[in-house]
file run-v8.cif (mmCIF, C-alpha atoms and all ligand atoms)
data_query
#
loop_
_atom_site.label_atom_id
_atom_site.label_comp_id
_atom_site.auth_asym_id
_atom_site.auth_seq_id
_atom_site.Cartn_x
_atom_site.Cartn_y
_atom_site.Cartn_z
CA MET A 167 -5.55 9.77 -25.81
CA SER A 168 -2.75 7.30 -26.32
CA THR A 169 -1.91 5.36 -29.42
CA ASN A 170 -3.72 2.50 -27.75
CA LYS A 171 -7.13 2.68 -29.38
CA SER A 172 -9.02 1.26 -26.44
CA PHE A 173 -8.48 4.41 -24.36
CA SER A 174 -11.67 6.38 -23.99
CA TRP A 175 -12.07 9.67 -22.13
CA PRO A 176 -12.66 8.79 -18.48
CA ASN A 177 -15.32 10.00 -16.16
CA TRP A 178 -13.38 13.07 -15.01
CA PRO A 179 -15.66 15.86 -13.76
CA ASP A 180 -16.87 18.29 -16.37
CA ILE A 181 -16.59 21.98 -15.54
CA THR A 182 -19.92 23.61 -16.37
CA ASP A 183 -21.52 26.97 -15.76
CA ASP A 184 -24.56 25.58 -13.97
CA ALA A 185 -26.42 27.81 -11.53
CA THR A 186 -24.63 26.50 -8.41
CA THR A 187 -21.19 26.98 -9.94
CA LEU A 188 -22.00 30.46 -11.20
CA LYS A 189 -23.39 31.44 -7.80
CA HIS A 190 -20.11 30.46 -6.15
CA TYR A 191 -18.23 32.86 -8.43
CA LEU A 192 -20.88 35.60 -8.21
CA ASP A 193 -20.87 35.51 -4.42
CA ASP A 194 -17.20 36.37 -4.23
CA PRO A 195 -16.46 39.89 -5.48
CA ASP A 196 -12.78 39.05 -6.05
CA TYR A 197 -13.62 37.20 -9.25
CA VAL A 198 -15.45 40.00 -10.99
CA ALA A 199 -12.85 42.47 -9.74
CA ALA A 200 -10.08 40.34 -11.23
CA LYS A 201 -11.70 40.45 -14.65
CA GLN A 202 -12.27 44.16 -14.51
CA LYS A 203 -8.73 44.87 -13.37
CA ILE A 204 -7.17 42.95 -16.25
CA THR A 205 -9.51 44.51 -18.80
CA GLN A 206 -8.58 47.91 -17.43
CA MET A 207 -4.85 47.18 -17.51
CA PHE A 208 -4.55 45.52 -20.91
CA GLY A 209 -7.67 46.56 -22.83
CA GLN A 210 -10.29 44.66 -24.77
CA GLU A 211 -8.41 44.88 -28.06
CA SER A 212 -5.30 43.11 -26.71
CA LEU A 213 -7.32 40.40 -25.03
CA VAL A 214 -9.33 39.73 -28.20
CA GLN A 215 -6.16 39.68 -30.29
CA GLY A 216 -4.54 37.17 -27.92
CA TRP A 217 -7.67 35.03 -27.92
CA ILE A 218 -7.89 34.75 -31.71
CA LYS A 219 -4.17 34.07 -32.10
CA THR A 220 -4.12 31.47 -29.33
CA CYS A 221 -7.16 29.60 -30.64
CA THR A 222 -5.69 29.63 -34.15
CA GLU A 223 -2.37 28.24 -32.92
CA LEU A 224 -4.19 25.59 -30.91
CA GLU A 225 -5.76 24.34 -34.12
CA ALA A 226 -2.28 23.95 -35.62
CA LEU A 227 -1.12 22.15 -32.47
CA ALA A 228 -3.94 19.61 -32.81
CA LYS A 229 -2.71 18.87 -36.32
CA GLU A 230 0.84 18.40 -35.03
CA VAL A 231 -0.45 16.05 -32.31
CA ARG A 232 -2.33 13.97 -34.89
CA GLU A 233 0.90 13.56 -36.86
CA LYS A 234 3.36 12.93 -34.04
CA ARG A 235 1.25 11.37 -31.30
CA GLU A 236 3.37 10.75 -28.18
CA GLY A 237 6.49 11.20 -30.35
CA ILE A 238 5.88 14.92 -29.74
CA PHE A 239 7.48 14.59 -26.27
CA PRO A 240 11.24 15.19 -26.35
CA VAL A 241 13.20 12.22 -25.00
CA ILE A 242 16.82 12.49 -23.82
CA GLU A 243 19.28 10.03 -22.36
CA MET A 244 20.84 10.90 -19.00
CA GLU A 245 24.22 9.95 -20.46
CA ASP A 246 23.88 12.72 -23.04
CA ILE A 247 23.04 15.27 -20.37
CA ALA A 248 26.03 14.12 -18.31
CA ARG A 249 28.23 14.66 -21.37
CA GLY A 250 26.98 18.22 -21.68
CA LEU A 251 24.32 17.78 -24.41
CA ASP A 252 25.09 20.47 -26.97
CA ALA A 253 21.84 20.52 -28.95
CA PRO A 254 20.26 23.98 -29.08
CA GLU A 255 17.39 22.83 -31.30
CA LYS A 256 16.47 20.07 -28.89
CA LEU A 257 16.53 22.51 -25.99
CA ASP A 258 14.27 24.91 -27.92
CA GLU A 259 11.91 22.05 -28.55
CA ILE A 260 11.84 21.10 -24.87
CA ARG A 261 11.06 24.70 -23.99
CA ARG A 262 8.26 24.87 -26.57
CA ILE A 263 6.63 21.61 -25.51
CA GLY A 264 7.26 22.33 -21.81
CA SER A 265 7.78 18.70 -20.85
CA PHE A 266 10.34 16.01 -21.51
CA ILE A 267 11.50 12.54 -20.61
CA VAL A 268 14.96 11.64 -19.43
CA ARG A 269 15.78 7.96 -19.66
CA GLY A 270 18.33 5.99 -17.71
CA VAL A 271 18.73 8.38 -14.78
CA ILE A 272 19.06 5.74 -12.05
CA PRO A 273 20.32 2.28 -13.03
CA SER A 274 17.87 -0.57 -12.46
CA SER A 275 20.35 -2.28 -10.12
CA GLU A 276 19.90 0.69 -7.79
CA ILE A 277 16.23 1.40 -8.32
CA GLU A 278 14.97 -2.11 -7.60
CA PRO A 279 16.19 -2.25 -3.98
CA ILE A 280 14.98 1.32 -3.46
CA PHE A 281 11.48 0.29 -4.57
CA GLU A 282 11.56 -2.80 -2.34
CA ASP A 283 12.60 -0.62 0.62
CA LEU A 284 9.79 1.81 -0.07
CA LYS A 285 7.19 -0.95 -0.23
CA GLU A 286 8.44 -2.41 3.01
CA TYR A 287 8.32 1.00 4.73
CA ILE A 288 4.73 1.48 3.57
CA ALA A 289 3.64 -2.07 4.46
CA THR A 290 5.24 -1.98 7.92
CA ASN A 291 3.70 1.35 8.83
CA LYS A 292 0.47 1.11 6.87
CA ASP A 293 -1.86 1.61 9.82
CA GLU A 294 -0.45 5.09 10.38
CA ILE A 295 -0.16 6.22 6.75
CA THR A 296 -2.90 8.12 4.95
CA GLY A 297 -3.39 7.78 1.23
CA TYR A 298 -5.65 8.53 -1.70
CA PRO A 299 -8.13 7.18 -2.53
CA HIS A 300 -8.82 6.36 1.11
CA GLU A 301 -10.19 2.84 0.57
CA ASN A 302 -7.54 1.60 -1.81
CA PRO A 303 -4.62 4.04 -1.78
CA ALA A 304 -2.55 4.73 -4.86
CA ILE A 305 -0.86 7.88 -3.53
CA TYR A 306 0.78 7.50 -0.13
CA CYS A 307 1.37 10.51 2.10
CA VAL A 308 4.84 9.50 3.18
CA TYR A 309 7.71 11.94 2.91
CA SER A 310 10.63 10.62 4.92
CA SER A 311 11.23 7.01 3.92
CA PRO A 312 14.91 6.15 3.42
CA ALA A 313 13.97 5.26 -0.18
CA GLN A 314 12.70 8.79 -0.87
CA ASN A 315 15.67 10.41 0.82
CA ASN A 316 18.09 8.22 -1.14
CA LEU A 317 16.43 9.20 -4.39
CA ARG A 318 16.14 12.92 -3.65
CA SER A 319 19.80 13.16 -2.83
CA HIS A 320 21.00 10.83 -5.58
CA PRO A 321 23.84 12.65 -7.39
CA LYS A 322 22.38 11.92 -10.82
CA LEU A 323 18.97 13.25 -9.90
CA VAL A 324 20.51 16.33 -8.32
CA ASP A 325 22.50 16.93 -11.52
CA LEU A 326 19.36 16.49 -13.56
CA MET A 327 17.41 18.93 -11.37
CA ARG A 328 20.15 21.50 -11.96
CA TRP A 329 20.00 20.87 -15.70
CA ALA A 330 16.21 21.23 -15.74
CA ASN A 331 16.36 24.43 -13.66
CA ASN A 332 18.82 25.77 -16.21
CA LEU A 333 16.21 25.57 -18.96
CA TRP A 334 14.85 28.78 -17.43
CA ASP A 335 16.50 32.18 -17.96
CA TYR A 336 18.25 33.77 -14.98
CA SER A 337 19.45 37.30 -14.43
CA GLU A 338 23.13 37.46 -13.54
CA SER A 339 22.59 40.51 -11.36
CA ASP A 340 20.26 38.59 -9.05
CA SER A 341 22.47 36.82 -6.51
CA ASP A 342 19.51 35.28 -4.60
CA THR A 343 18.36 33.24 -7.56
CA SER A 344 20.09 30.42 -9.37
CA PRO A 345 19.55 27.01 -10.97
CA ASN A 346 21.18 25.35 -7.96
CA PRO A 347 18.62 22.75 -6.98
CA LEU A 348 16.73 22.68 -3.73
CA VAL A 349 14.89 19.52 -2.82
CA TYR A 350 11.13 19.72 -2.40
CA ALA A 351 9.70 16.79 -0.47
CA ASP A 352 6.63 15.18 -1.98
CA ARG A 353 4.77 11.86 -1.92
CA VAL A 354 4.94 8.54 -3.75
CA ARG A 355 2.51 6.65 -5.91
CA VAL A 356 2.23 2.86 -5.83
CA ARG A 357 -0.65 1.59 -7.92
CA ALA A 358 -1.83 -1.99 -7.83
CA PRO A 359 -2.69 -3.51 -11.22
CA GLY A 360 -6.28 -2.82 -12.11
CA ALA A 361 -6.59 0.19 -9.79
CA GLU A 362 -8.61 3.00 -11.35
CA PHE A 363 -7.64 6.53 -10.36
CA LEU A 364 -9.88 9.42 -11.27
CA GLY A 365 -8.71 11.78 -8.53
CA LEU A 366 -6.37 13.91 -10.65
CA GLY A 367 -8.00 14.82 -13.95
CA PRO A 368 -6.66 17.57 -16.24
CA HIS A 369 -5.21 20.36 -14.12
CA ILE A 370 -2.35 22.85 -13.80
CA ASP A 371 -0.45 23.11 -10.51
CA SER A 372 0.88 26.20 -8.77
CA GLY A 373 -2.27 28.07 -7.94
CA GLY A 374 -5.64 29.07 -9.39
CA LEU A 375 -7.12 32.56 -9.30
CA CYS A 376 -3.82 34.02 -8.05
CA ARG A 377 -2.48 33.86 -11.64
CA TRP A 378 -4.89 36.69 -12.48
CA THR A 379 -4.87 38.59 -9.20
CA GLU A 380 -1.52 38.44 -7.41
CA PRO A 381 0.31 41.43 -8.94
CA VAL A 382 3.67 39.70 -9.53
CA TYR A 383 2.07 36.52 -10.80
CA ARG A 384 -0.18 38.52 -13.16
CA GLU A 385 2.87 40.36 -14.51
CA VAL A 386 4.44 37.00 -15.43
CA TYR A 387 1.64 36.66 -17.98
CA SER A 388 1.60 40.25 -19.25
CA ASP A 389 2.73 39.02 -22.69
CA ILE A 390 -0.40 36.89 -22.92
CA PHE A 391 -2.80 39.60 -21.71
CA SER A 392 -1.14 42.05 -24.12
CA GLY A 393 -1.83 39.75 -27.07
CA ASN A 394 1.92 39.46 -27.61
CA LEU A 395 2.25 35.80 -28.46
CA GLU A 396 5.50 36.33 -30.33
CA GLY A 397 7.18 37.70 -27.21
CA ARG A 398 5.92 34.98 -24.91
CA ASN A 399 8.32 33.56 -22.42
CA ARG A 400 7.37 31.06 -19.78
CA TYR A 401 10.97 30.72 -18.60
CA ASN A 402 11.73 34.17 -17.21
CA MET A 403 12.95 33.40 -13.71
CA SER A 404 13.42 37.06 -12.78
CA LYS A 405 9.72 37.65 -13.25
CA ARG A 406 8.47 34.35 -11.93
CA LYS A 407 10.57 33.90 -8.80
CA ASP A 408 8.56 36.29 -6.63
CA ALA A 409 5.08 35.30 -7.80
CA ASP A 410 3.07 34.16 -4.80
CA GLN A 411 1.29 30.91 -5.66
CA GLY A 412 0.14 30.72 -2.07
CA PHE A 413 -1.61 34.12 -2.29
CA TYR A 414 -4.92 32.58 -1.18
CA SER A 415 -3.80 29.29 0.29
CA ARG A 416 -0.76 28.25 2.25
CA SER A 417 -1.62 24.58 2.05
CA GLY A 418 0.19 22.49 -0.49
CA ASP A 419 -0.84 19.95 -3.09
CA LEU A 420 -2.38 21.57 -6.16
CA ALA A 421 -1.53 25.02 -4.88
CA SER A 422 2.01 24.39 -3.70
CA THR A 423 3.76 27.43 -2.29
CA VAL A 424 7.07 26.56 -3.94
CA LEU A 425 8.12 27.33 -7.50
CA ARG A 426 9.11 24.14 -9.25
CA SER A 427 10.72 24.93 -12.58
CA PHE A 428 9.58 21.48 -13.59
CA GLN A 429 7.41 19.16 -11.58
CA GLY A 430 8.60 15.62 -12.10
CA TRP A 431 8.61 12.02 -11.13
CA THR A 432 11.04 9.16 -11.18
CA ALA A 433 9.64 5.79 -12.24
CA LEU A 434 10.34 3.09 -9.66
CA THR A 435 8.80 0.42 -11.90
CA LYS A 436 7.90 0.19 -15.55
CA THR A 437 4.95 2.39 -16.48
CA ALA A 438 3.13 2.65 -19.78
CA PRO A 439 0.08 4.28 -21.37
CA GLN A 440 -3.01 3.01 -19.56
CA GLU A 441 -0.71 1.36 -17.02
CA GLY A 442 -0.57 4.03 -14.37
CA THR A 443 1.48 6.72 -16.07
CA ILE A 444 0.82 10.43 -16.70
CA LEU A 445 -0.90 12.40 -19.47
CA LEU A 446 0.58 15.74 -20.50
CA TYR A 447 -0.58 18.56 -22.76
CA PRO A 448 2.29 18.98 -25.22
CA ASN A 449 2.64 22.75 -25.34
CA VAL A 450 3.31 25.01 -22.38
CA HIS A 451 2.72 28.37 -24.08
CA LEU A 452 -0.63 27.76 -25.71
CA ALA A 453 -2.48 25.94 -22.96
CA ILE A 454 -1.70 28.51 -20.29
CA ALA A 455 -2.46 31.41 -22.66
CA TYR A 456 -5.83 29.85 -23.47
CA VAL A 457 -6.65 29.18 -19.82
CA LEU A 458 -5.80 32.75 -18.85
CA LEU A 459 -7.85 34.32 -21.64
CA ARG A 460 -10.81 31.95 -21.46
CA PRO A 461 -12.71 33.78 -18.65
CA PHE A 462 -12.95 36.91 -20.80
CA PHE A 463 -15.02 35.22 -23.52
CA SER A 464 -18.51 33.74 -23.73
CA PRO A 465 -19.35 30.98 -26.20
CA PRO A 466 -21.78 31.44 -29.08
CA ALA A 467 -25.34 30.24 -28.54
CA ASP A 468 -25.07 28.12 -31.66
CA GLU A 469 -23.03 25.11 -30.53
CA THR A 470 -21.93 24.30 -34.07
CA LYS A 471 -19.87 27.50 -34.02
CA ILE A 472 -18.05 26.80 -30.75
CA MET A 473 -14.70 26.07 -32.36
CA ASP A 474 -14.65 29.38 -34.24
CA PRO A 475 -12.96 31.86 -31.85
CA HIS A 476 -14.44 34.83 -33.77
CA GLU A 477 -17.92 33.71 -32.72
CA TRP A 478 -17.11 34.11 -29.02
CA THR A 479 -18.11 37.36 -27.31
CA PHE A 480 -15.75 39.46 -25.22
CA ASP A 481 -17.23 39.69 -21.74
CA ALA A 482 -15.52 41.76 -19.07
CA SER A 483 -18.43 41.83 -16.69
CA GLY A 484 -18.94 38.20 -15.64
CA SER A 485 -17.32 36.46 -12.74
CA TRP A 486 -16.82 32.90 -13.98
CA PHE A 487 -13.24 31.65 -14.14
CA PRO A 488 -13.79 28.13 -15.48
CA GLY A 489 -11.97 25.61 -13.32
CA ALA A 490 -10.12 28.21 -11.24
CA SER A 491 -10.47 28.56 -7.52
CA LYS A 492 -8.70 30.45 -4.79
CA THR A 493 -7.45 27.51 -2.79
CA GLY A 494 -6.95 24.75 -5.34
CA GLY A 495 -5.17 24.53 -8.64
CA GLN A 496 -6.54 25.19 -12.10
CA CYS A 497 -8.81 22.43 -13.39
CA LEU A 498 -9.71 21.94 -17.04
CA SER A 499 -12.29 19.98 -18.99
CA PRO A 500 -13.27 19.51 -22.64
CA SER A 501 -16.51 21.47 -22.31
CA SER A 502 -15.10 24.45 -20.39
CA HIS A 503 -11.91 24.70 -22.50
CA PRO A 504 -13.00 23.41 -25.91
CA HIS A 505 -10.19 24.83 -28.05
CA LEU A 506 -7.62 22.81 -26.10
CA ARG A 507 -9.19 19.67 -27.65
CA LEU A 508 -8.18 17.79 -24.51
CA LYS A 509 -9.62 14.48 -25.68
CA GLU A 510 -7.28 14.60 -28.64
CA CYS A 511 -4.26 16.49 -27.35
CA LEU A 512 -3.79 15.38 -23.74
CA LEU A 513 -1.41 12.48 -24.33
CA HIS A 514 -0.01 9.61 -22.34
CA VAL A 515 3.77 9.80 -22.19
CA PRO A 516 5.52 6.82 -23.81
CA ALA A 517 6.32 3.63 -21.89
CA LEU A 518 9.06 4.15 -19.32
CA ASP A 519 11.42 1.86 -17.46
CA ALA A 520 12.28 1.99 -13.79
CA GLY A 521 14.84 4.74 -13.30
CA ASP A 522 13.46 6.92 -16.14
CA THR A 523 12.01 10.34 -15.32
CA VAL A 524 9.28 12.70 -16.60
CA TRP A 525 9.38 16.48 -16.17
CA TRP A 526 6.73 19.11 -16.85
CA HIS A 527 6.80 22.89 -16.51
CA SER A 528 4.71 24.38 -13.70
CA ASP A 529 2.28 25.83 -16.29
CA VAL A 530 1.72 22.51 -18.10
CA CYS A 531 -1.69 20.82 -18.00
CA HIS A 532 -1.46 17.20 -16.86
CA ALA A 533 -3.53 14.31 -15.49
CA VAL A 534 -2.76 11.06 -13.72
CA ASP A 535 -3.49 8.03 -15.88
CA PRO A 536 -7.03 6.98 -14.91
CA GLU A 537 -6.30 3.36 -15.75
CA HIS A 538 -3.83 0.71 -14.82
CA VAL A 539 -4.52 -2.34 -16.96
CA GLY A 540 -0.99 -3.73 -16.59
CA ASN A 541 -0.08 -6.67 -14.43
CA ILE A 542 2.58 -5.24 -12.13
CA GLU A 543 2.52 -2.38 -9.64
CA ALA A 544 3.10 1.04 -11.22
CA SER A 545 5.13 3.24 -8.91
CA VAL A 546 6.65 6.72 -9.10
CA ALA A 547 8.33 9.05 -6.64
CA TYR A 548 7.44 12.72 -7.08
CA ILE A 549 10.73 14.57 -7.23
CA ALA A 550 10.65 18.02 -8.83
CA ALA A 551 13.31 20.42 -10.08
CA THR A 552 13.24 23.38 -7.73
CA PRO A 553 15.49 26.40 -8.29
CA THR A 554 17.09 28.54 -5.62
CA THR A 555 14.96 31.61 -5.06
CA ARG A 556 14.30 33.71 -1.99
CA ILE A 557 10.81 32.22 -1.43
CA ASN A 558 11.93 28.66 -2.15
CA LYS A 559 14.91 28.91 0.17
CA GLU A 560 12.81 30.15 3.02
CA HIS A 561 10.31 27.34 2.50
CA MET A 562 13.03 24.71 2.25
CA ARG A 563 14.61 25.71 5.53
CA GLY A 564 11.26 25.27 7.24
CA GLN A 565 10.93 21.96 5.44
CA TYR A 566 14.33 20.79 6.73
CA ASP A 567 13.47 21.78 10.28
CA LYS A 568 10.23 19.80 10.22
CA MET A 569 11.57 16.76 8.38
CA ALA A 570 14.64 16.52 10.60
CA LEU A 571 12.14 15.75 13.38
CA GLY A 572 10.24 13.29 11.21
CA LEU A 573 7.32 15.65 10.67
CA ALA A 574 5.56 16.18 7.31
CA PRO A 575 6.82 19.01 5.09
CA PRO A 576 5.01 22.32 5.60
CA ASP A 577 2.99 22.14 2.35
CA TYR A 578 1.30 18.89 3.41
CA SER A 579 -1.22 18.61 6.19
CA ASP A 580 -1.89 14.93 5.48
CA GLY A 581 1.42 13.60 6.76
CA VAL A 582 2.10 12.24 10.23
CA ASP A 583 5.09 12.05 12.54
CA GLU A 584 7.25 9.51 10.74
CA SER A 585 9.92 9.47 13.43
CA LYS A 586 7.81 6.79 15.13
CA PHE A 587 7.75 4.62 12.00
CA LYS A 588 9.68 1.39 11.74
CA GLY A 589 12.60 1.96 9.40
CA PHE A 590 12.66 5.76 9.83
CA GLN A 591 16.16 7.15 9.52
CA GLY A 592 15.49 10.81 8.83
CA PHE A 593 18.55 12.57 7.47
CA GLU A 594 20.91 10.40 9.54
CA GLY A 595 24.40 10.46 8.10
CA LYS A 596 23.35 12.93 5.42
CA GLU A 597 22.50 15.97 7.53
CA ALA A 598 24.98 18.27 5.80
CA LEU A 599 23.88 17.20 2.33
CA PHE A 600 20.20 17.73 3.10
CA LYS A 601 20.92 21.05 4.76
CA THR A 602 22.52 22.24 1.52
CA LEU A 603 19.69 20.79 -0.55
CA MET A 604 17.16 22.49 1.69
CA GLY A 605 18.50 26.01 1.63
CA TYR A 606 20.89 26.22 4.61
FE FE A 701 -0.51 18.09 -10.55
#
call {"tool": "encode", "arguments": {"input": "run-v8.cif", "output": "structure tokens"}}
result
Amino acid sequence: MSTNKSFSWPNWPDITDDATTLKHYLDDPDYVAAKQKITQMFGQESLVQGWIKTCTELEALAKEVREKREGIFPVIEMEDIARGLDAPEKLDEIRRIGSFIVRGVIPSSEIEPIFEDLKEYIATNKDEITGYPHENPAIYCVYSSPAQNNLRSHPKLVDLMRWANNLWDYSESDSDTSPNPLVYADRVRVRAPGAEFLGLGPHIDSGGLCRWTEPVYREVYSDIFSGNLEGRNRYNMSKRKDADQGFYSRSGDLASTVLRSFQGWTALTKTAPQEGTILLYPNVHLAIAYVLLRPFFSPPADETKIMDPHEWTFDASGSWFPGASKTGGQCLSPSSHPHLRLKECLLHVPALDAGDTVWWHSDVCHAVDPEHVGNIEASVAYIAATPTTRINKEHMRGQYDKMALGLAPPDYSDGVDESKFKGFQGFEGKEALFKTLMGY
């Protein structure tokens, strides 16, 4: 909910345990096995302890959200980052919230022609480009426009990616892994005024069930399953770098195969609450802990007691993982994840200017603004911060090889051969730079 009082919770799908949904989970033995495995490894007592602590902290977070509203999101100026920003408290705050805004990354004198170029590329080639929603696209499946390549390789954005990657902890003994940024190719969003968009409700990227089942990924969250909220760390690159988000699915989108330390976008136009921006859940630790523990607990029959975590029953035998699937991301809803208080705590980010950027940790719950009541197009280019890791490097090299030919990046099956597009330039003149940025 934004500070704008007219925002009401949109018609995003609710996640319910109706018979059809439960049957889907019951029919696949991997779900029940996942629950049993974790119960066996960490024990009922730890899981219950984590559940109570997490739900209690979520109540305190809701209070903080009521007080701070969207002021809870840390905002930094690019100039300050360029000067070396020495502000340990601010950095701690960014790490706690798990998302942040950096203003003034690309000057408007540069961003305006880039946006015009992008629009022209889309308009000229529109018959060949797919988009979502199909009838009236807001997200365009283009990957190789000169506008995108200019942005991705812009020195300020590359510096910012490195800075964002550095918010994670790295082990010095691991020479394969570093904050040096790789460039992950993604799509663009151009939303016409008035265009509703309900396609991306509350969700977490980077995989679904694999968080509980893929051994390395599960280990990333051992602090949560052990009930050790004090020791939690969502920034341990040594643990996270080898987690396989593509354990069940090698296709991209919600279950991208690449680790982005922070997913992000660069605003190509002004955006504002209810004008085609993004909503973020302002705490990375609590939301993911709650999502991971939620399948182990059943709600009380008496609905008036739902918000009391002590009234929930530990249940290691079921197979329902609310909102999780093998091949998509992790979806969330107010009824399936009540203690997150999504209607209250999922917040629009503040108004942004063209050239500003938003970044959110790969475990942060987010949703695309369902509304756009403004009167100009709202446009963003998805450009993430992607660290150098063994898995990422391998992916990026494959990405370079495909994109050098004009083909869509390997995570996206919806792209087409852009080498035939009017205005396509590929990596022309920047081959060496893109080779470096793509792992060669
Ligand atoms: Fe997402």
call {"tool": "residues_near_ligand", "arguments": {"input": "run-v8.cif", "ligand": "ligand FE 701 (chain A)", "cutoff": "10 Å", "atoms": "all atoms listed in the file", "output": "ChimeraX atom specification"}}
result
/A:366-372,419-422,429-430,444,495-497,526,528,530-534
call {"tool": "axis_aligned_box", "arguments": {"input": "run-v8.cif", "around": "range 591-606 of chain A", "padding_each_side": "6 Å", "output": "JSON"}}
result
{"center_x": 20.2, "center_y": 16.7, "center_z": 4.5, "size_x": 21.5, "size_y": 31.1, "size_z": 22.1}
call {"tool": "closest_residue", "arguments": {"input": "run-v8.cif", "among": "A:Leu603, A:Leu508, A:Ala455, A:Ala433", "to": "Ile218 in chain A", "atoms": "all atoms listed in the file"}}
result
A:Ala455
call {"tool": "atom_distance", "arguments": {"input": "run-v8.cif", "atom1": "CA of Ser404 in chain A", "atom2": "CA of Ser337 in chain A"}}
result
6.3 Å
call {"tool": "residues_around", "arguments": {"input": "run-v8.cif", "residues": "range 259-269 of chain A", "least_positions_apart": "3", "cutoff": "6 Å", "atoms": "only C-alpha atoms", "output": "VMD selection string"}}
result
chain A and resid 239 to 244 256 448 to 450 522 to 527
call {"tool": "atom_distance", "arguments": {"input": "run-v8.cif", "atom1": "CA of Gln565 in chain A", "atom2": "CA of Arg377 in chain A"}}
result
24.8 Å
call {"tool": "closest_atom_pairs", "arguments": {"input": "run-v8.cif", "of": "range 349-397 of chain A", "to": "range 578-601 of chain A", "cutoff": "12 Å", "atoms": "all atoms listed in the file", "output": "tab-separated table"}}
result
residue	atom	partner	partner_atom	distance
A:Val349	CA	A:Phe600	CA	8.2
A:Tyr350	CA	A:Phe600	CA	10.8
A:Ala351	CA	A:Tyr578	CA	9.5
A:Asp352	CA	A:Tyr578	CA	8.4
A:Arg353	CA	A:Gly581	CA	9.5
call {"tool": "write_last_selection", "arguments": {"input": "run-v8.cif", "atoms": "C-alpha atoms", "output": "mmCIF file, keeping the file's coordinate frame"}}
result
data_model
loop_
_atom_site.group_PDB
_atom_site.id
_atom_site.type_symbol
_atom_site.label_atom_id
_atom_site.label_comp_id
_atom_site.auth_asym_id
_atom_site.auth_seq_id
_atom_site.Cartn_x
_atom_site.Cartn_y
_atom_site.Cartn_z
ATOM 1 C CA VAL A 349 14.890 19.520 -2.820
ATOM 2 C CA TYR A 350 11.130 19.720 -2.400
ATOM 3 C CA ALA A 351 9.700 16.790 -0.470
ATOM 4 C CA ASP A 352 6.630 15.180 -1.980
ATOM 5 C CA ARG A 353 4.770 11.860 -1.920
#
call {"tool": "closest_residue", "arguments": {"input": "run-v8.cif", "among": "A:Leu518, A:Leu513, A:Ala330, A:Val214", "to": "Thr479 in chain A", "atoms": "only C-alpha atoms"}}
result
A:Val214
call {"tool": "closest_residue", "arguments": {"input": "run-v8.cif", "among": "A:Glu245, A:Asp567, A:Asp410, A:Asp535", "to": "Pro273 in chain A", "atoms": "all atoms listed in the file"}}
result
A:Glu245
call {"tool": "closest_residue", "arguments": {"input": "run-v8.cif", "among": "A:Val354, A:His451, A:Glu294, A:Ser464", "to": "His476 in chain A", "atoms": "all atoms listed in the file"}}
result
A:Ser464
